$ cat structure14.cif   # mmCIF, C-alpha atoms
data_query
loop_
_atom_site.group_PDB
_atom_site.id
_atom_site.type_symbol
_atom_site.label_atom_id
_atom_site.label_comp_id
_atom_site.auth_asym_id
_atom_site.auth_seq_id
_atom_site.Cartn_x
_atom_site.Cartn_y
_atom_site.Cartn_z
ATOM 1 C CA MET U 1 135.840 67.517 -45.837
ATOM 2 C CA GLU U 2 138.014 66.567 -42.854
ATOM 3 C CA ASN U 3 141.271 64.715 -43.187
ATOM 4 C CA SER U 4 142.045 61.816 -40.833
ATOM 5 C CA SER U 5 144.979 63.747 -39.381
ATOM 6 C CA ASN U 6 142.421 66.173 -37.865
ATOM 7 C CA ILE U 7 139.944 63.544 -36.669
ATOM 8 C CA VAL U 8 140.272 63.053 -32.920
ATOM 9 C CA VAL U 9 136.749 61.879 -32.030
ATOM 10 C CA PHE U 10 133.716 60.331 -33.711
ATOM 11 C CA ASN U 11 130.116 61.330 -33.050
ATOM 12 C CA LEU U 12 127.724 58.473 -32.269
ATOM 13 C CA SER U 13 124.271 59.546 -33.425
ATOM 14 C CA GLY U 14 122.324 56.426 -32.469
ATOM 15 C CA LEU U 15 121.182 57.857 -29.125
ATOM 16 C CA ASN U 16 119.705 61.097 -30.409
ATOM 17 C CA GLU U 17 116.099 59.884 -30.062
ATOM 18 C CA THR U 18 116.542 58.597 -26.492
ATOM 19 C CA ARG U 19 117.347 61.973 -24.890
ATOM 20 C CA PRO U 20 113.791 62.682 -23.592
ATOM 21 C CA HIS U 21 113.750 59.289 -21.778
ATOM 22 C CA LYS U 22 117.460 58.811 -21.147
ATOM 23 C CA TYR U 23 117.190 58.085 -17.400
ATOM 24 C CA VAL U 24 114.516 55.426 -17.900
ATOM 25 C CA VAL U 25 116.503 53.783 -20.706
ATOM 26 C CA PHE U 26 119.668 54.055 -18.577
ATOM 27 C CA GLY U 27 117.930 52.211 -15.718
ATOM 28 C CA PHE U 28 116.720 49.358 -17.931
ATOM 29 C CA THR U 29 120.101 49.051 -19.657
ATOM 30 C CA LEU U 30 121.971 48.985 -16.343
ATOM 31 C CA PHE U 31 119.599 46.303 -15.041
ATOM 32 C CA PHE U 32 120.131 44.130 -18.130
ATOM 33 C CA TYR U 33 123.909 44.559 -17.980
ATOM 34 C CA LEU U 34 124.065 43.626 -14.286
ATOM 35 C CA LEU U 35 121.818 40.639 -15.003
ATOM 36 C CA ILE U 36 124.126 39.545 -17.839
ATOM 37 C CA ILE U 37 127.139 39.799 -15.515
ATOM 38 C CA PHE U 38 125.392 37.930 -12.690
ATOM 39 C CA LEU U 39 124.078 35.064 -14.846
ATOM 40 C CA ASN U 40 127.336 34.505 -16.696
ATOM 41 C CA LEU U 41 129.527 34.795 -13.583
ATOM 42 C CA THR U 42 127.261 32.281 -11.831
ATOM 43 C CA LEU U 43 127.666 29.825 -14.697
ATOM 44 C CA ILE U 44 131.453 30.351 -14.867
ATOM 45 C CA ALA U 45 131.880 29.982 -11.086
ATOM 46 C CA THR U 46 129.745 26.820 -11.015
ATOM 47 C CA ILE U 47 131.791 25.159 -13.764
ATOM 48 C CA LEU U 48 135.148 26.215 -12.284
ATOM 49 C CA LEU U 49 134.319 25.203 -8.699
ATOM 50 C CA GLU U 50 132.758 21.814 -9.465
ATOM 51 C CA LYS U 51 135.293 19.173 -10.524
ATOM 52 C CA SER U 52 132.514 17.043 -12.024
ATOM 53 C CA LEU U 53 132.010 19.787 -14.618
ATOM 54 C CA HIS U 54 135.654 19.885 -15.730
ATOM 55 C CA GLU U 55 134.744 18.168 -18.981
ATOM 56 C CA PRO U 56 135.060 19.372 -22.599
ATOM 57 C CA MET U 57 131.429 20.377 -23.082
ATOM 58 C CA TYR U 58 131.390 22.480 -19.911
ATOM 59 C CA ILE U 59 134.776 24.026 -20.730
ATOM 60 C CA PHE U 60 133.282 25.271 -24.017
ATOM 61 C CA ILE U 61 130.189 26.570 -22.179
ATOM 62 C CA CYS U 62 132.447 28.351 -19.687
ATOM 63 C CA ASN U 63 134.386 29.927 -22.559
ATOM 64 C CA LEU U 64 131.075 31.057 -24.068
ATOM 65 C CA SER U 65 130.258 32.952 -20.866
ATOM 66 C CA VAL U 66 133.778 34.403 -20.554
ATOM 67 C CA ASN U 67 133.487 35.616 -24.133
ATOM 68 C CA THR U 68 130.074 37.148 -23.350
ATOM 69 C CA LEU U 69 131.525 39.169 -20.468
ATOM 70 C CA TYR U 70 134.420 40.259 -22.682
ATOM 71 C CA GLY U 71 132.182 41.355 -25.567
ATOM 72 C CA THR U 72 129.565 43.157 -23.467
ATOM 73 C CA ALA U 73 132.333 45.011 -21.570
ATOM 74 C CA GLY U 74 133.210 46.639 -24.877
ATOM 75 C CA PHE U 75 129.650 47.887 -25.339
ATOM 76 C CA TYR U 76 127.602 48.478 -22.171
ATOM 77 C CA PRO U 77 129.899 50.736 -20.062
ATOM 78 C CA LYS U 78 130.303 53.209 -22.936
ATOM 79 C CA LEU U 79 126.567 53.069 -23.724
ATOM 80 C CA LEU U 80 125.636 53.716 -20.077
ATOM 81 C CA ALA U 81 128.008 56.685 -19.941
ATOM 82 C CA ASP U 82 126.482 58.073 -23.150
ATOM 83 C CA PHE U 83 122.961 57.884 -21.689
ATOM 84 C CA LEU U 84 124.044 60.299 -18.951
ATOM 85 C CA SER U 85 125.919 62.629 -21.282
ATOM 86 C CA ASP U 86 124.648 65.324 -23.632
ATOM 87 C CA THR U 87 127.450 64.603 -26.120
ATOM 88 C CA HIS U 88 127.893 61.127 -27.549
ATOM 89 C CA VAL U 89 131.486 61.013 -28.751
ATOM 90 C CA ILE U 90 134.292 58.466 -28.747
ATOM 91 C CA SER U 91 137.978 58.900 -29.503
ATOM 92 C CA TYR U 92 139.505 57.478 -32.678
ATOM 93 C CA ALA U 93 141.542 54.952 -30.650
ATOM 94 C CA GLY U 94 138.536 54.145 -28.454
ATOM 95 C CA CYS U 95 136.406 53.544 -31.541
ATOM 96 C CA LEU U 96 138.924 51.072 -32.978
ATOM 97 C CA ILE U 97 139.227 49.280 -29.641
ATOM 98 C CA GLN U 98 135.444 49.026 -29.246
ATOM 99 C CA ALA U 99 135.065 47.645 -32.777
ATOM 100 C CA PHE U 100 137.880 45.161 -32.066
ATOM 101 C CA VAL U 101 136.339 43.909 -28.801
ATOM 102 C CA ILE U 102 132.772 43.580 -30.097
ATOM 103 C CA TYR U 103 133.644 41.792 -33.333
ATOM 104 C CA SER U 104 136.348 39.537 -31.900
ATOM 105 C CA SER U 105 133.715 38.492 -29.343
ATOM 106 C CA LEU U 106 131.201 37.848 -32.142
ATOM 107 C CA LEU U 107 133.598 35.698 -34.159
ATOM 108 C CA CYS U 108 134.796 33.852 -31.068
ATOM 109 C CA GLU U 109 131.217 32.976 -30.086
ATOM 110 C CA PHE U 110 130.438 31.615 -33.537
ATOM 111 C CA THR U 111 133.641 29.534 -33.617
ATOM 112 C CA ASN U 112 132.943 28.290 -30.086
ATOM 113 C CA LEU U 113 129.458 27.160 -31.118
ATOM 114 C CA THR U 114 130.982 25.315 -34.095
ATOM 115 C CA VAL U 115 133.431 23.457 -31.846
ATOM 116 C CA MET U 116 130.556 22.617 -29.496
ATOM 117 C CA ALA U 117 128.655 21.090 -32.438
ATOM 118 C CA TYR U 118 131.662 18.848 -33.156
ATOM 119 C CA ASP U 119 131.862 17.926 -29.451
ATOM 120 C CA ARG U 120 128.206 16.835 -29.468
ATOM 121 C CA TYR U 121 128.736 14.933 -32.744
ATOM 122 C CA VAL U 122 131.569 12.884 -31.232
ATOM 123 C CA ALA U 123 129.692 12.373 -27.932
ATOM 124 C CA ILE U 124 126.568 10.995 -29.632
ATOM 125 C CA CYS U 125 127.882 9.420 -32.826
ATOM 126 C CA LYS U 126 131.151 8.022 -31.417
ATOM 127 C CA PRO U 127 130.526 7.631 -27.675
ATOM 128 C CA LEU U 128 133.132 4.904 -27.147
ATOM 129 C CA GLU U 129 135.837 7.053 -28.727
ATOM 130 C CA TYR U 130 134.767 10.336 -27.133
ATOM 131 C CA HIS U 131 137.347 10.534 -24.351
ATOM 132 C CA SER U 132 140.166 9.512 -26.661
ATOM 133 C CA ILE U 133 139.233 12.201 -29.217
ATOM 134 C CA ILE U 134 138.151 15.038 -26.892
ATOM 135 C CA ASN U 135 139.341 15.510 -23.313
ATOM 136 C CA ALA U 136 139.827 18.485 -21.009
ATOM 137 C CA LEU U 137 143.339 19.163 -22.357
ATOM 138 C CA THR U 138 142.126 19.026 -25.977
ATOM 139 C CA ALA U 139 139.248 21.364 -25.119
ATOM 140 C CA GLY U 140 141.678 23.813 -23.501
ATOM 141 C CA LYS U 141 143.881 23.770 -26.616
ATOM 142 C CA CYS U 142 140.830 24.330 -28.837
ATOM 143 C CA VAL U 143 139.833 27.369 -26.764
ATOM 144 C CA ALA U 144 143.364 28.823 -26.974
ATOM 145 C CA ILE U 145 143.585 28.252 -30.751
ATOM 146 C CA MET U 146 140.122 29.758 -31.159
ATOM 147 C CA TRP U 147 141.114 33.013 -29.439
ATOM 148 C CA ILE U 148 144.432 33.244 -31.307
ATOM 149 C CA PHE U 149 142.710 32.695 -34.671
ATOM 150 C CA VAL U 150 139.962 35.236 -33.970
ATOM 151 C CA PHE U 151 142.371 37.862 -32.618
ATOM 152 C CA SER U 152 144.564 37.416 -35.717
ATOM 153 C CA GLU U 153 141.574 37.957 -38.024
ATOM 154 C CA VAL U 154 140.295 41.042 -36.237
ATOM 155 C CA THR U 155 143.797 42.512 -35.775
ATOM 156 C CA ALA U 156 144.442 42.243 -39.526
ATOM 157 C CA GLN U 157 141.084 43.906 -40.183
ATOM 158 C CA ALA U 158 141.883 46.716 -37.723
ATOM 159 C CA MET U 159 145.292 47.301 -39.323
ATOM 160 C CA LEU U 160 143.670 47.638 -42.753
ATOM 161 C CA THR U 161 141.209 50.166 -41.314
ATOM 162 C CA LEU U 162 143.913 52.088 -39.468
ATOM 163 C CA ARG U 163 145.743 52.903 -42.720
ATOM 164 C CA LEU U 164 142.683 54.642 -44.250
ATOM 165 C CA PRO U 165 142.443 58.440 -44.357
ATOM 166 C CA LEU U 166 138.981 59.482 -43.170
ATOM 167 C CA CYS U 167 136.726 62.315 -44.307
ATOM 168 C CA GLY U 168 133.983 62.242 -41.717
ATOM 169 C CA THR U 169 133.247 61.816 -38.024
ATOM 170 C CA GLN U 170 129.583 60.738 -37.968
ATOM 171 C CA ILE U 171 128.838 57.119 -37.016
ATOM 172 C CA ASP U 172 125.123 56.381 -37.268
ATOM 173 C CA LYS U 173 125.054 53.711 -34.537
ATOM 174 C CA LEU U 174 125.126 53.240 -30.775
ATOM 175 C CA TYR U 175 128.679 51.891 -30.968
ATOM 176 C CA CYS U 176 131.665 51.683 -33.291
ATOM 177 C CA ASP U 177 132.064 48.884 -35.778
ATOM 178 C CA ASN U 178 134.692 48.343 -38.437
ATOM 179 C CA TRP U 179 132.397 48.857 -41.426
ATOM 180 C CA SER U 180 131.107 52.205 -40.095
ATOM 181 C CA ILE U 181 134.693 53.476 -39.869
ATOM 182 C CA VAL U 182 135.607 52.146 -43.332
ATOM 183 C CA LYS U 183 132.589 53.947 -44.862
ATOM 184 C CA LEU U 184 134.092 57.270 -43.713
ATOM 185 C CA SER U 185 137.211 56.740 -45.819
ATOM 186 C CA CYS U 186 138.313 59.282 -48.408
ATOM 187 C CA VAL U 187 139.972 56.616 -50.590
ATOM 188 C CA ASP U 188 139.095 53.333 -52.274
ATOM 189 C CA THR U 189 138.292 50.578 -49.752
ATOM 190 C CA THR U 190 138.341 47.561 -52.072
ATOM 191 C CA VAL U 191 141.044 45.785 -50.040
ATOM 192 C CA ASN U 192 139.039 46.237 -46.828
ATOM 193 C CA ASN U 193 135.868 44.987 -48.547
ATOM 194 C CA ILE U 194 137.586 41.899 -49.952
ATOM 195 C CA PHE U 195 139.173 41.051 -46.606
ATOM 196 C CA GLY U 196 135.830 41.637 -44.855
ATOM 197 C CA TYR U 197 134.104 39.201 -47.211
ATOM 198 C CA ILE U 198 136.906 36.640 -46.668
ATOM 199 C CA VAL U 199 136.401 36.872 -42.892
ATOM 200 C CA LEU U 200 132.613 36.653 -43.335
ATOM 201 C CA ILE U 201 132.785 33.642 -45.673
ATOM 202 C CA THR U 202 135.358 31.897 -43.459
ATOM 203 C CA ASN U 203 133.088 32.169 -40.460
ATOM 204 C CA VAL U 204 129.732 31.625 -42.177
ATOM 205 C CA SER U 205 131.128 28.487 -43.872
ATOM 206 C CA GLN U 206 131.259 26.968 -40.389
ATOM 207 C CA VAL U 207 127.475 26.664 -40.673
ATOM 208 C CA PHE U 208 127.929 23.816 -43.195
ATOM 209 C CA PHE U 209 130.085 21.938 -40.703
ATOM 210 C CA ILE U 210 127.462 22.455 -37.999
ATOM 211 C CA VAL U 211 124.654 21.282 -40.319
ATOM 212 C CA TYR U 212 126.655 18.158 -41.264
ATOM 213 C CA SER U 213 127.296 17.401 -37.568
ATOM 214 C CA TYR U 214 123.607 17.667 -36.712
ATOM 215 C CA ILE U 215 122.513 15.563 -39.684
ATOM 216 C CA GLN U 216 124.745 12.783 -38.347
ATOM 217 C CA ILE U 217 123.510 13.332 -34.781
ATOM 218 C CA ILE U 218 119.835 13.183 -35.825
ATOM 219 C CA ARG U 219 120.443 9.991 -37.832
ATOM 220 C CA VAL U 220 121.859 8.313 -34.716
ATOM 221 C CA CYS U 221 119.157 9.697 -32.408
ATOM 222 C CA VAL U 222 116.315 8.382 -34.592
ATOM 223 C CA ASN U 223 117.435 4.796 -33.877
ATOM 224 C CA SER U 224 118.561 5.217 -30.276
ATOM 225 C CA GLY U 225 116.569 6.070 -27.167
ATOM 226 C CA GLU U 226 119.739 7.021 -25.278
ATOM 227 C CA GLY U 227 120.816 9.184 -28.219
ATOM 228 C CA ARG U 228 117.454 10.987 -28.160
ATOM 229 C CA ASN U 229 117.875 11.740 -24.459
ATOM 230 C CA LYS U 230 121.372 13.114 -25.064
ATOM 231 C CA PHE U 231 120.059 15.196 -27.959
ATOM 232 C CA ILE U 232 117.261 16.748 -25.882
ATOM 233 C CA GLU U 233 119.507 17.453 -22.902
ATOM 234 C CA THR U 234 122.722 18.682 -24.539
ATOM 235 C CA CYS U 235 122.058 19.383 -28.228
ATOM 236 C CA LEU U 236 118.771 21.235 -27.924
ATOM 237 C CA PRO U 237 120.267 24.015 -25.737
ATOM 238 C CA HIS U 238 123.133 24.306 -28.214
ATOM 239 C CA LEU U 239 120.725 24.543 -31.163
ATOM 240 C CA ILE U 240 118.656 27.235 -29.407
ATOM 241 C CA THR U 241 121.827 29.222 -28.686
ATOM 242 C CA LEU U 242 123.159 28.731 -32.207
ATOM 243 C CA ILE U 243 119.946 29.762 -33.995
ATOM 244 C CA ASN U 244 119.468 32.741 -31.699
ATOM 245 C CA PHE U 245 123.029 33.972 -32.224
ATOM 246 C CA THR U 246 123.140 33.279 -35.985
ATOM 247 C CA VAL U 247 119.920 35.194 -36.662
ATOM 248 C CA ALA U 248 121.149 38.165 -34.595
ATOM 249 C CA PHE U 249 124.587 38.073 -36.258
ATOM 250 C CA VAL U 250 123.202 37.887 -39.813
ATOM 251 C CA PHE U 251 120.757 40.736 -39.111
ATOM 252 C CA ASP U 252 123.628 42.936 -37.948
ATOM 253 C CA ILE U 253 125.888 42.112 -40.922
ATOM 254 C CA ILE U 254 123.127 42.632 -43.510
ATOM 255 C CA TYR U 255 121.960 45.880 -41.962
ATOM 256 C CA ALA U 256 125.515 47.254 -41.533
ATOM 257 C CA ARG U 257 126.254 46.788 -45.228
ATOM 258 C CA TYR U 258 122.882 47.158 -46.925
ATOM 259 C CA GLY U 259 120.591 48.900 -44.428
ATOM 260 C CA SER U 260 118.657 51.978 -45.502
ATOM 261 C CA ARG U 261 119.133 55.343 -43.804
ATOM 262 C CA ASN U 262 115.354 55.824 -44.138
ATOM 263 C CA THR U 263 114.767 53.137 -41.521
ATOM 264 C CA PRO U 264 113.583 54.684 -38.209
ATOM 265 C CA GLN U 265 116.458 55.208 -35.745
ATOM 266 C CA THR U 266 114.776 53.120 -33.023
ATOM 267 C CA LEU U 267 114.463 50.113 -35.358
ATOM 268 C CA ARG U 268 118.077 50.555 -36.468
ATOM 269 C CA ASN U 269 119.196 50.563 -32.839
ATOM 270 C CA ILE U 270 117.253 47.376 -32.079
ATOM 271 C CA ILE U 271 118.766 45.579 -35.082
ATOM 272 C CA ALA U 272 122.247 46.794 -34.127
ATOM 273 C CA VAL U 273 122.137 45.543 -30.529
ATOM 274 C CA VAL U 274 120.136 42.300 -30.789
ATOM 275 C CA PHE U 275 123.300 40.159 -30.638
ATOM 276 C CA LEU U 276 124.560 42.190 -27.641
ATOM 277 C CA VAL U 277 121.352 41.789 -25.631
ATOM 278 C CA ILE U 278 119.590 38.486 -26.341
ATOM 279 C CA PRO U 279 122.440 35.917 -26.592
ATOM 280 C CA PRO U 280 124.286 37.208 -23.469
ATOM 281 C CA LEU U 281 121.068 36.816 -21.454
ATOM 282 C CA LEU U 282 119.734 33.667 -23.092
ATOM 283 C CA ASN U 283 122.925 31.566 -23.158
ATOM 284 C CA PRO U 284 123.465 31.179 -19.380
ATOM 285 C CA LEU U 285 119.724 30.625 -18.860
ATOM 286 C CA VAL U 286 119.564 27.932 -21.555
ATOM 287 C CA TYR U 287 122.617 26.065 -20.262
ATOM 288 C CA GLY U 288 121.938 26.712 -16.591
ATOM 289 C CA LEU U 289 118.328 25.523 -16.711
ATOM 290 C CA ASN U 290 118.488 22.758 -19.339
ATOM 291 C CA LEU U 291 121.724 20.933 -18.542
ATOM 292 C CA THR U 292 120.972 18.709 -15.556
ATOM 293 C CA GLN U 293 124.512 18.646 -14.140
ATOM 294 C CA VAL U 294 124.863 22.415 -14.330
ATOM 295 C CA ARG U 295 121.425 22.981 -12.801
ATOM 296 C CA ILE U 296 122.102 20.567 -9.920
ATOM 297 C CA ASN U 297 125.496 22.122 -9.173
ATOM 298 C CA ILE U 298 124.131 25.680 -9.291
ATOM 299 C CA LYS U 299 121.481 24.682 -6.727
ATOM 300 C CA LYS U 300 124.118 22.926 -4.628
ATOM 301 C CA TRP U 301 126.419 25.949 -4.801
ATOM 302 C CA CYS U 302 123.591 28.360 -3.852
ATOM 303 C CA ASN U 303 122.440 26.134 -0.965
ATOM 304 C CA ARG U 304 126.034 25.923 0.265
ATOM 305 C CA LYS U 305 126.230 29.744 0.370
ATOM 306 C CA VAL U 306 122.903 29.988 2.231
ATOM 307 C CA ASP U 307 124.022 27.385 4.796
ATOM 308 C CA THR U 308 127.319 29.186 5.307
ATOM 309 C CA GLU U 309 125.585 32.522 5.870
ATOM 310 C CA SER U 310 123.084 30.925 8.257
ATOM 311 C CA SER U 311 125.799 29.221 10.330
ATOM 312 C CA SER U 312 127.809 32.460 10.556
ATOM 313 C CA LYS U 313 124.781 34.168 12.116
#

$ encode --input "structure14.cif" --output "structure tokens"
Amino acid sequence: MENSSNIVVFNLSGLNETRPHKYVVFGFTLFFYLLIIFLNLTLIATILLEKSLHEPMYIFICNLSVNTLYGTAGFYPKLLADFLSDTHVISYAGCLIQAFVIYSSLLCEFTNLTVMAYDRYVAICKPLEYHSIINALTAGKCVAIMWIFVFSEVTAQAMLTLRLPLCGTQIDKLYCDNWSIVKLSCVDTTVNNIFGYIVLITNVSQVFFIVYSYIQIIRVCVNSGEGRNKFIETCLPHLITLINFTVAFVFDIIYARYGSRNTPQTLRNIIAVVFLVIPPLLNPLVYGLNLTQVRINIKKWCNRKVDTESSSK
């Protein structure tokens, strides 16, 4: 068995079955990554450039897209490089950094969706008090606190992992995650497991807050035509995003801890990357197409660019 003092790199075995078709898979992956970047940058630019969108709800949506770009940057560049390489390895430090980026992005997205549920609750259930409870400054503070809280959680988790001596180098995934590193430990990992469950429970418990918020929202919407319109326009996109992300997140957590090694590698890969493929693509489409103000301003922004290019010719 190897001691951690001798471990310099980890082997990522998740791509072993893609070698015969690596250039085709590389092309599709690159296309999806560029599409993710384009869609999210378009949404961010639209919200930042249009003063009418400098409101709490849009600040949270903007943060969602910034977080998407941050999280996918920790996954796609390394994956694309691995497709073109015959050896799929990552350094010990690189593995820890990748795990940190991906899971801090995951936790930040879930917390952001929880705050957005509260924002919609106040907007629909307490419309007259909305601007006194939530304003642009409050939203900015919430975003800052969110990132600080998430980074603190994931940093503590990384420090607990860093202290473990390791006896293996094989990670059976496309990317590094904290639990895969912990499983390679030569010593008891009870402390890491307990802390991992605390982080999981802390974040999953937010679901109860979201459910409570939507129960209150639905009660108001049943008796109000205006409330129903607000629900369809602003809450429905949030619910689609939330359900999509939660299902992907739960699949990944359950498989990481309890998945069977007998499961085909292709299926394991799909389960492992669902939350890194579908939400980053779906979120900007859902908000860009369903929120009227965002959709109008994206069209306005695009038309402005076309007019500018035409006049310059």

$ residues_around --input "structure14.cif" --residues "Val89 of chain U" --least-positions-apart "3" --cutoff "10 Å" --atoms "only C-alpha atoms" --output "list in words"
Val8, Val9, Phe10, Asn11, Leu12, Ser13, Lys78, Asp82, Ser85, Asp86, Tyr92, Gly94, Cys95, Thr169, Gln170, Ile171 and Tyr175 of chain U

$ atom_distance --input "structure14.cif" --atom1 "atom CA of Thr72 of chain U" --atom2 "atom CA of Leu242 of chain U"
18.0 Å

$ resolve_selection --input "structure14.cif" --expression "the PyMOL selection byres ((chain U and resi 106) around 9)" --output "list in words"
Asn67, Thr68, Gly71, Val101, Ile102, Tyr103, Ser104, Ser105, Leu107, Cys108, Glu109, Phe110, Thr111, Phe249 and Phe275 of chain U

$ resolve_selection --input "structure14.cif" --expression "the PyMOL selection byres ((chain U and resi 131-146) around 8)" --output "list in words"
His54, Glu55, Pro56, Ile59, Phe60, Asn63, Cys108, Thr111, Asn112, Asp119, Val122, Leu128, Glu129, Tyr130, Trp147, Ile148, Phe149 and Val150 of chain U

$ atom_distance --input "structure14.cif" --atom1 "atom CA of Glu153 of chain U" --atom2 "atom CA of Cys62 of chain U"
22.6 Å

$ atom_distance --input "structure14.cif" --atom1 "atom CA of Thr202 of chain U" --atom2 "atom CA of Lys183 of chain U"
22.3 Å

$ resolve_selection --input "structure14.cif" --expression "the PyMOL selection byres ((chain U and resi 162) around 12)" --output "MDAnalysis selection string"
chainID U and resid 4:5 92:93 95:97 99:100 155:161 163:166 178 181:182 184:185 189 192

$ closest_residue --input "structure14.cif" --among "U:Phe83, U:Tyr121, U:Phe245, U:Phe209" --to "Gly27 of chain U" --atoms "all atoms listed in the file"
U:Phe83

$ closest_residue --input "structure14.cif" --among "U:Tyr33, U:Tyr287, U:Phe28, U:Phe38" --to "Gly74 of chain U" --atoms "all atoms listed in the file"
U:Tyr33

$ closest_residue --input "structure14.cif" --among "U:Ile47, U:Ile243, U:Val220, U:Val211" --to "Asn283 of chain U" --atoms "only C-alpha atoms"
U:Ile243

$ axis_aligned_box --input "structure14.cif" --around "segment 93-101 of chain U" --padding-each-side "5 Å" --output "AutoDock Vina command-line options"
--center_x 138.3 --center_y 49.4 --center_z -30.7 --size_x 16.5 --size_y 21.0 --size_z 14.5

$ decode --input "structure14.cif" --residues "segment 29-35 of chain U" --atoms "all heavy atoms" --output "compact mmCIF listing (two decimals), in the first residue's frame"
# COMPACT_ATOMS: atom_id res chain seq x y z
N THR U 29 -18.62 17.85 -25.72
CA THR U 29 -18.36 18.47 -24.41
C THR U 29 -17.94 19.93 -24.56
O THR U 29 -18.41 20.80 -23.83
CB THR U 29 -17.27 17.69 -23.65
OG1 THR U 29 -17.65 16.32 -23.54
CG2 THR U 29 -17.07 18.26 -22.25
N LEU U 30 -17.05 20.19 -25.53
CA LEU U 30 -16.61 21.56 -25.78
C LEU U 30 -17.79 22.44 -26.20
O LEU U 30 -17.92 23.58 -25.75
CB LEU U 30 -15.54 21.57 -26.88
CG LEU U 30 -14.98 22.95 -27.26
CD1 LEU U 30 -14.32 23.63 -26.06
CD2 LEU U 30 -14.00 22.82 -28.42
N PHE U 31 -18.66 21.89 -27.05
CA PHE U 31 -19.84 22.65 -27.49
C PHE U 31 -20.73 23.00 -26.29
O PHE U 31 -21.16 24.16 -26.14
CB PHE U 31 -20.64 21.83 -28.50
CG PHE U 31 -21.98 22.42 -28.83
CD1 PHE U 31 -22.08 23.52 -29.66
CD2 PHE U 31 -23.15 21.87 -28.30
CE1 PHE U 31 -23.33 24.08 -29.95
CE2 PHE U 31 -24.39 22.42 -28.58
CZ PHE U 31 -24.48 23.53 -29.42
N PHE U 32 -21.00 22.02 -25.43
CA PHE U 32 -21.84 22.27 -24.26
C PHE U 32 -21.21 23.28 -23.32
O PHE U 32 -21.89 24.16 -22.78
CB PHE U 32 -22.11 20.95 -23.51
CG PHE U 32 -23.23 20.14 -24.09
CD1 PHE U 32 -23.00 18.88 -24.63
CD2 PHE U 32 -24.52 20.65 -24.11
CE1 PHE U 32 -24.03 18.15 -25.18
CE2 PHE U 32 -25.58 19.91 -24.66
CZ PHE U 32 -25.32 18.66 -25.20
N TYR U 33 -19.90 23.19 -23.13
CA TYR U 33 -19.22 24.13 -22.23
C TYR U 33 -19.27 25.55 -22.78
O TYR U 33 -19.55 26.50 -22.04
CB TYR U 33 -17.77 23.69 -22.00
CG TYR U 33 -17.03 24.54 -20.99
CD1 TYR U 33 -17.65 24.94 -19.79
CD2 TYR U 33 -15.71 24.94 -21.21
CE1 TYR U 33 -16.97 25.72 -18.86
CE2 TYR U 33 -15.04 25.72 -20.27
CZ TYR U 33 -15.67 26.10 -19.11
OH TYR U 33 -15.00 26.86 -18.19
N LEU U 34 -19.02 25.71 -24.07
CA LEU U 34 -19.09 27.04 -24.69
C LEU U 34 -20.51 27.59 -24.63
O LEU U 34 -20.71 28.79 -24.43
CB LEU U 34 -18.60 26.98 -26.14
CG LEU U 34 -17.11 26.67 -26.33
CD1 LEU U 34 -16.78 26.54 -27.82
CD2 LEU U 34 -16.25 27.74 -25.67
N LEU U 35 -21.49 26.69 -24.80
CA LEU U 35 -22.90 27.11 -24.71
C LEU U 35 -23.23 27.57 -23.29
O LEU U 35 -23.92 28.58 -23.10
CB LEU U 35 -23.81 25.95 -25.12
CG LEU U 35 -25.31 26.27 -25.25
CD1 LEU U 35 -25.55 27.35 -26.29
CD2 LEU U 35 -26.08 25.00 -25.62
